[in-house]
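Each remark here refers to the structure printed beneath this line.
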Protein chains: 2
Amino acid sequence: MADVKPIGKALFLREEELRRGIELMFFAYRDFTGEADSILAEQNMGRAHHRAIYFIGRNPGITVSDLLTILCITKQSLSRVLSGLMQDGYVIQKPGATDRRQRLLYLTETGIALESRLTSLQGRRFAAAYREAGVDAVDGFQRVLQGLLDSDTIDQIAQQDQNKRYLIAMIAPVESK
Amino acid sequence: MADVKPIGKALFLREEELRRGIELMFFAYRDFTGEADSILAEQNMGRAHHRAIYFIGRNPGITVSDLLTILCITKQSLSRVLSGLMQDGYVIQKPGATDRRQRLLYLTETGIALESRLTSLQGRRFAAAYREAGVDAVDGFQRVLQGLLDSDTIDQIAQQDQNKRYLIAMIAPVESK
DNA sequence: TATATTGGTCAACATGGCTGACGTAAAACC
DNA sequence: GGTTTTACGTCAGCCATGTTGACCAATATA
């Protein structure tokens, strides 16, 4: 064991480790979305609907163009999905107060119920994984995933967090005392 | 700050943390696959081709049914992809030595070149993320992703690892001295 | 008033999932 | 040796979701 060429071994381990990461991403993403997919299929919806519902629920009153920025799809694709969601009563839109061209998107009660069902399903999976792996692991997990992001995405998430902090400060100042 | 209701706060943080995970998975998977997608688009291929190429490269001589087990798609879907890959000279198949019904799949030189180009691209992204996040983070990352898997998937990966160790022991026993 | 922005719509197309039905060769079993 | 099962392929068609391109309406803004 002592006379193994160290450089070759290191490279080999490195590639194995990288491949391990690549494969884990593939399998974990598939399994992580699979459970929700089957619920969505019952309602004749797909992953695209889920994404829209999720981010509208997360950002009530979001504009169409902001949602487009998050999802990185064309407005034609989104439009098709949103029309369906509005027709089926999961989403409603209200004209913007200051800019009346905007259509601010909100979940209906039904939409909220579905979103919460889907999110709690995925949340349970995460909660179990977090519990098994431990607190330090969670931190590492988040840091590595963060490192996988494009810089544009990082900016965009930071921007969203900014908006969210602003909203929280507005609607729930009592929490901060 | 001291008189915040502890339970409400804890639940709030918990939900935020879970949502953070859900969102990171979405964005990270998207960005992580996006780069490869654009290379694939140049060759008129999609993600499905990539997955096939990746796992054939990873398991040379894999049977169609084993590949189906890994990918979790129908044989019709896979067949369409494989036909294309063979027609374009990325993949060849050889009849199985013991069971001649099997068609064992291999990458051609061209296939290997493409696989390696795609994997090194994704590998670089992972390497950068790992480097930024540190060794402990990598461990946490892998443990959490592992925890997100279905138990079937875990078994399946273990099985593959088993095969791989067997192969390594066969073809490169010199490494282990 | 002219231009830019926000959002929607129609048409057409590609990818990649799916089901169902059917075929063929080889292996395995009785 | 005949039957059944397995491994794989193929044809046909459907659906969801992405794309491009063109065009339109309402509203904001310089």
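A note on labels: chains of the structure tokens are A, B, ... as shown, every chain counts residues from 1, and ligands are counted from 1 in their shown order.
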With a cut-off of 8 Å and counting only C-alpha atoms, select all residues of chain A in contact with chain B and give the selection as a PyMOL selection string.
chain A and resi 1+3-4+15+18-19+21-22+24-25+27-29+31-32+119+122-123+125-130+132-133+136-150+153+175-177
Could you pull out the strand (DSSP E or B) residues of chain A from DSSP and send them as a list in words?
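Of chain A, only Ile62, Val91, Ile92, Gln93, Lys94, Pro95, Arg103, Leu104, Leu105, Tyr106 and Leu107 of chain A fall in strand (DSSP E or B).
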Store the residues picked out above, limited to C-alpha atoms, as a PDB file, in the first residue's frame.
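Full text of again04.pdb as output:
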```
ATOM      1  CA  ILE A  62     -44.960  38.374  -7.933  1.00  0.00           C
ATOM      2  CA  VAL A  91     -53.951  31.050  -9.233  1.00  0.00           C
ATOM      3  CA  ILE A  92     -55.506  34.468  -9.621  1.00  0.00           C
ATOM      4  CA  GLN A  93     -54.024  37.679 -10.927  1.00  0.00           C
ATOM      5  CA  LYS A  94     -54.628  41.280  -9.890  1.00  0.00           C
ATOM      6  CA  PRO A  95     -53.511  44.342 -11.809  1.00  0.00           C
ATOM      7  CA  ARG A 103     -50.541  41.169 -13.390  1.00  0.00           C
ATOM      8  CA  LEU A 104     -49.620  40.270  -9.877  1.00  0.00           C
ATOM      9  CA  LEU A 105     -49.935  36.572  -9.198  1.00  0.00           C
ATOM     10  CA  TYR A 106     -51.452  34.998  -6.101  1.00  0.00           C
ATOM     11  CA  LEU A 107     -52.433  31.497  -5.073  1.00  0.00           C
TER      12      LEU A 107
END
```
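The space separating CA of Gln102 (chain B) from C1' of DA12 (chain D) comes to 25.7 Å.
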With a distance cut-off of 12 Å and only C-alpha atoms (C1' of nucleotides), select the neighbouring residues of DT3 (chain D), excluding the residue or stretch itself and same-chain residues fewer than 2 positions from it, and output the selection as a ChimeraX atom specification.
/C:28-30 /D:1,5
Counting only C-alpha atoms (C1' of nucleotides), which residues in region 4-30 of chain C sit no more than 12 Å from region 19-30 of chain D? For each one, give the nearest pair of atoms and the distance in Å, sorted by chain then residue number, as JSON lines.
```
{"residue": "C:DA4", "atom": "C1'", "partner": "D:DT29", "partner_atom": "C1'", "distance": 7.8}
{"residue": "C:DT5", "atom": "C1'", "partner": "D:DA28", "partner_atom": "C1'", "distance": 7.4}
{"residue": "C:DT6", "atom": "C1'", "partner": "D:DT27", "partner_atom": "C1'", "distance": 8.3}
{"residue": "C:DG7", "atom": "C1'", "partner": "D:DA25", "partner_atom": "C1'", "distance": 9.0}
{"residue": "C:DG8", "atom": "C1'", "partner": "D:DC24", "partner_atom": "C1'", "distance": 8.3}
{"residue": "C:DT9", "atom": "C1'", "partner": "D:DC24", "partner_atom": "C1'", "distance": 8.2}
{"residue": "C:DC10", "atom": "C1'", "partner": "D:DC23", "partner_atom": "C1'", "distance": 8.8}
{"residue": "C:DA11", "atom": "C1'", "partner": "D:DG21", "partner_atom": "C1'", "distance": 9.2}
{"residue": "C:DA12", "atom": "C1'", "partner": "D:DT20", "partner_atom": "C1'", "distance": 8.9}
{"residue": "C:DC13", "atom": "C1'", "partner": "D:DT19", "partner_atom": "C1'", "distance": 7.8}
{"residue": "C:DA14", "atom": "C1'", "partner": "D:DT19", "partner_atom": "C1'", "distance": 7.6}
{"residue": "C:DT15", "atom": "C1'", "partner": "D:DT19", "partner_atom": "C1'", "distance": 9.9}
```
Selection to disk with N, CA and C atoms (P, O5', C5', C4', C3', O3' and C1' of nucleotides), as a PDB file, in the first residue's frame:
```pdb
ATOM      1  P    DA C   4     -37.440  52.730 -28.298  1.00  0.00           P
ATOM      2  O5'  DA C   4     -37.844  52.212 -26.852  1.00  0.00           O
ATOM      3  C5'  DA C   4     -37.725  53.123 -25.747  1.00  0.00           C
ATOM      4  C4'  DA C   4     -38.236  52.447 -24.487  1.00  0.00           C
ATOM      5  C3'  DA C   4     -37.937  50.954 -24.413  1.00  0.00           C
ATOM      6  O3'  DA C   4     -37.623  50.657 -23.062  1.00  0.00           O
ATOM      7  C1'  DA C   4     -40.283  51.303 -24.357  1.00  0.00           C
ATOM      8  P    DT C   5     -37.199  49.217 -22.608  1.00  0.00           P
ATOM      9  O5'  DT C   5     -38.501  48.753 -21.808  1.00  0.00           O
ATOM     10  C5'  DT C   5     -39.034  49.622 -20.827  1.00  0.00           C
ATOM     11  C4'  DT C   5     -40.324  49.056 -20.293  1.00  0.00           C
ATOM     12  C3'  DT C   5     -40.268  47.563 -19.970  1.00  0.00           C
ATOM     13  O3'  DT C   5     -40.781  47.408 -18.665  1.00  0.00           O
ATOM     14  C1'  DT C   5     -42.154  48.047 -21.293  1.00  0.00           C
ATOM     15  P    DT C   6     -40.665  46.013 -17.918  1.00  0.00           P
ATOM     16  O5'  DT C   6     -42.139  45.408 -18.042  1.00  0.00           O
ATOM     17  C5'  DT C   6     -43.222  46.062 -17.377  1.00  0.00           C
ATOM     18  C4'  DT C   6     -44.485  45.304 -17.678  1.00  0.00           C
ATOM     19  C3'  DT C   6     -44.335  43.789 -17.550  1.00  0.00           C
ATOM     20  O3'  DT C   6     -45.289  43.332 -16.602  1.00  0.00           O
ATOM     21  C1'  DT C   6     -45.400  44.388 -19.597  1.00  0.00           C
ATOM     22  P    DG C   7     -45.324  41.799 -16.188  1.00  0.00           P
ATOM     23  O5'  DG C   7     -46.301  41.204 -17.292  1.00  0.00           O
ATOM     24  C5'  DG C   7     -47.633  41.697 -17.365  1.00  0.00           C
ATOM     25  C4'  DG C   7     -48.296  41.176 -18.604  1.00  0.00           C
ATOM     26  C3'  DG C   7     -48.208  39.663 -18.783  1.00  0.00           C
ATOM     27  O3'  DG C   7     -49.491  39.104 -18.520  1.00  0.00           O
ATOM     28  C1'  DG C   7     -47.962  40.857 -20.834  1.00  0.00           C
ATOM     29  P    DG C   8     -49.711  37.547 -18.742  1.00  0.00           P
ATOM     30  O5'  DG C   8     -50.343  37.526 -20.210  1.00  0.00           O
ATOM     31  C5'  DG C   8     -51.505  38.312 -20.453  1.00  0.00           C
ATOM     32  C4'  DG C   8     -51.924  38.117 -21.892  1.00  0.00           C
ATOM     33  C3'  DG C   8     -52.001  36.649 -22.293  1.00  0.00           C
ATOM     34  O3'  DG C   8     -53.320  36.365 -22.755  1.00  0.00           O
ATOM     35  C1'  DG C   8     -50.742  37.908 -23.878  1.00  0.00           C
ATOM     36  P    DT C   9     -53.726  34.960 -23.213  1.00  0.00           P
ATOM     37  O5'  DT C   9     -53.398  34.992 -24.775  1.00  0.00           O
ATOM     38  C5'  DT C   9     -54.040  35.968 -25.604  1.00  0.00           C
ATOM     39  C4'  DT C   9     -53.650  35.664 -27.038  1.00  0.00           C
ATOM     40  C3'  DT C   9     -53.703  34.168 -27.344  1.00  0.00           C
ATOM     41  O3'  DT C   9     -54.533  33.961 -28.467  1.00  0.00           O
ATOM     42  C1'  DT C   9     -51.639  35.112 -28.035  1.00  0.00           C
ATOM     43  P    DC C  10     -55.086  32.496 -28.785  1.00  0.00           P
ATOM     44  O5'  DC C  10     -54.460  32.217 -30.231  1.00  0.00           O
ATOM     45  C5'  DC C  10     -54.423  33.280 -31.181  1.00  0.00           C
ATOM     46  C4'  DC C  10     -53.511  32.883 -32.334  1.00  0.00           C
ATOM     47  C3'  DC C  10     -53.467  31.378 -32.562  1.00  0.00           C
ATOM     48  O3'  DC C  10     -53.594  31.066 -33.938  1.00  0.00           O
ATOM     49  C1'  DC C  10     -51.285  32.229 -32.254  1.00  0.00           C
ATOM     50  P    DA C  11     -53.845  29.540 -34.392  1.00  0.00           P
ATOM     51  O5'  DA C  11     -52.595  29.270 -35.319  1.00  0.00           O
ATOM     52  C5'  DA C  11     -51.788  30.334 -35.823  1.00  0.00           C
ATOM     53  C4'  DA C  11     -50.452  29.774 -36.267  1.00  0.00           C
ATOM     54  C3'  DA C  11     -50.444  28.252 -36.386  1.00  0.00           C
ATOM     55  O3'  DA C  11     -49.753  27.884 -37.563  1.00  0.00           O
ATOM     56  C1'  DA C  11     -48.707  28.948 -34.952  1.00  0.00           C
ATOM     57  P    DA C  12     -49.826  26.367 -38.074  1.00  0.00           P
ATOM     58  O5'  DA C  12     -48.307  25.910 -37.901  1.00  0.00           O
ATOM     59  C5'  DA C  12     -47.278  26.854 -38.189  1.00  0.00           C
ATOM     60  C4'  DA C  12     -45.978  26.322 -37.626  1.00  0.00           C
ATOM     61  C3'  DA C  12     -45.900  24.789 -37.662  1.00  0.00           C
ATOM     62  O3'  DA C  12     -44.678  24.422 -38.271  1.00  0.00           O
ATOM     63  C1'  DA C  12     -45.335  25.611 -35.524  1.00  0.00           C
ATOM     64  P    DC C  13     -44.377  22.913 -38.661  1.00  0.00           P
ATOM     65  O5'  DC C  13     -43.224  22.526 -37.619  1.00  0.00           O
ATOM     66  C5'  DC C  13     -42.127  23.420 -37.469  1.00  0.00           C
ATOM     67  C4'  DC C  13     -41.363  23.074 -36.225  1.00  0.00           C
ATOM     68  C3'  DC C  13     -41.149  21.568 -36.049  1.00  0.00           C
ATOM     69  O3'  DC C  13     -39.764  21.292 -36.063  1.00  0.00           O
ATOM     70  C1'  DC C  13     -41.786  22.625 -34.018  1.00  0.00           C
ATOM     71  P    DA C  14     -39.248  19.792 -36.087  1.00  0.00           P
ATOM     72  O5'  DA C  14     -38.643  19.667 -34.614  1.00  0.00           O
ATOM     73  C5'  DA C  14     -37.691  20.642 -34.178  1.00  0.00           C
ATOM     74  C4'  DA C  14     -37.173  20.236 -32.814  1.00  0.00           C
ATOM     75  C3'  DA C  14     -36.889  18.745 -32.684  1.00  0.00           C
ATOM     76  O3'  DA C  14     -35.665  18.590 -31.989  1.00  0.00           O
ATOM     77  C1'  DA C  14     -38.514  19.409 -31.068  1.00  0.00           C
ATOM     78  P    DT C  15     -35.031  17.167 -31.764  1.00  0.00           P
ATOM     79  O5'  DT C  15     -35.372  16.924 -30.227  1.00  0.00           O
ATOM     80  C5'  DT C  15     -35.045  17.928 -29.285  1.00  0.00           C
ATOM     81  C4'  DT C  15     -35.580  17.529 -27.944  1.00  0.00           C
ATOM     82  C3'  DT C  15     -35.281  16.075 -27.577  1.00  0.00           C
ATOM     83  O3'  DT C  15     -34.618  16.123 -26.342  1.00  0.00           O
ATOM     84  C1'  DT C  15     -37.558  16.616 -27.190  1.00  0.00           C
TER      85       DT C  15
END
```
